[in-house]
Structures are given as C-alpha cells and as structure tokens.
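All remarks here apply to the structure that follows.
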Amino acid sequence: MAAALQLHMSTFWPGGTPAGDADAGARGLRSVSLGRTERATAVLLADPCFQLRSIQYLLGHAEPSALAAAAAATDKRHFSLHTYTEYISTEELAKVEKMLNHLSEEFKQAAATTLPTSEEDLCPICYAHPISAIFRPCSHKSCKACINQHLMNNKDCFFCKATITGVDDFTKPASS
C-alpha cells in the first residue's frame, strides 16, 4: 500500500512539481500522468487496508468525536505533520493535502455511483468489497484483495483448509 501511495503522489506531481504546469511540455506529461493518477487512485480506494482517515489524521484533521474529546482534554496536543516543519516542507504538505482532496472526491463519487450490494454479495472475510474471486478446487469465494493478501503467506483455503491450486475471476450469475 505504501508503494501505491508513493506512486499516487508521484503521478500527481511528476518531477516534484504539481501537475497543473501550463507549459506545452508539461501538458504532454500531464496527460500521461492522468492515466497513472486514475490507476493509482483506483488501487488505493480498492485496497481494504487503505483508510483516508489515516492521511487526514497525519494532516491534523480531527474527526468530530475526536474534537469533542480534545476539548475535554486541552492539555493533549493533536498530532500533525504541520508541526514537523524542519523535516517536511510546506510544498510537500500542500501536495499531500491536494492528494487527500482528490482521493476524498473520488471516494465520494465512487460511493455515489456504486449500486447497493446485498450482504451475500460481499466478501465473507472483509465485508468491504464484492466477491470477485473463486478458489480452485473448493469453489469458496472472496474478494481479490483478501485472497491475494492471504496467498502471500498461506496456500490453504480460509474456510475448508484445502490447498488452493488456482484463483479464478468470479462473475455473479444473472438472476432470472
């Protein structure tokens, strides 16, 4: 996930500059960069481990419940990358803010266009993504993110402990 985040940041700002440069050379780079940005955005938002709240926390954006708790305990300071000015430049913070705004907007748009999913169509492991993979030979199902993570360390099915010999794409049969 850290590599995807780094890719996402580098696609926003190739060569360390924002993708909004107006010169002709930057326009060609920007069009290539947009494809990479879309791909990196899709990877990050599809990863069940990625949480926008983590980036918001690093930037000092507190949740409303955290604000109420902070008001009660005023002697505690909230963590923020903004306090580390000797290590993190204002330009880097601005890039992270821009990336967070982009990811937040993409997340909202994806949530608005996603059709409601029934519980039986969700991955039985993470309940965050639709079922997208079927295991061979046992035919159990999960999302690709869960099975890919699991197969890094284990070759047995989550459910029946059969040795997984392959993973196929799962498409839900059309209901009649």
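Within each chain, counting starts at residue 1; across the structure tokens, chains are named A, B, ... in the order shown, with ligands numbered 1 upward in that order.
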Please list as a PyMOL selection string every residue within 6 Å of range 79-83 of chain A, counting only C-alpha atoms and excluding residues in the same chain fewer than 3 positions away. chain A and resi 58-60
All residues 7 Å or closer to Arg136 in chain A, only C-alpha atoms, same chain fewer than 2 positions away omitted, as an NGL selection string: :A and (134 or 138-139 or 164-167)
Name the closest residue to Thr163 in chain A among the candidates A:Ser54, A:Glu38, A:His140, A:Ala145; distances are taken between atoms, counting only C-alpha atoms. A:His140
CA of Glu105 in chain A to CA of Lys172 in chain A, straight-line distance in Å: 28.8 Å
DSSP-assigned alpha helix (DSSP H) among range 54-175 of chain A, expressed as an MDAnalysis selection string: chainID A and resid 54:58 64:72 90:113 144:151
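If you count only C-alpha atoms and ignore residues fewer than 2 places along the chain from Lys141 in chain A, what sits within 9 Å of it is Cys123, Pro124, Ile131, Ser132, Ala133, Ile134, Phe135, Ser139, Cys143, Ile147 and Phe170 of chain A.
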List the neighbours of Ile125 in chain A out to 12 Å using only C-alpha atoms; skip same-chain residues closer than 4 positions along the sequence, and give me the result as a PyMOL selection string. chain A and resi 48+119-121+129-131+140-147+149-150+157-159
May I ask for the distance between CA of Cys160 in chain A and CA of Ala128 in chain A, given in Å to one decimal place? 21.7 Å
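Counting only C-alpha atoms, the residue from A:Lys95, A:His61, A:His78, A:His102 that sits nearest to Thr37 in chain A is A:His102.
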So that I can see what lies close to Glu106 in chain A, please list as an MDAnalysis selection string the residues with an atom at most 10 Å from it, counting only C-alpha atoms and leaving out residues fewer than 4 positions away in the same chain. chainID A and resid 38 41:42 45 100:102 110:112
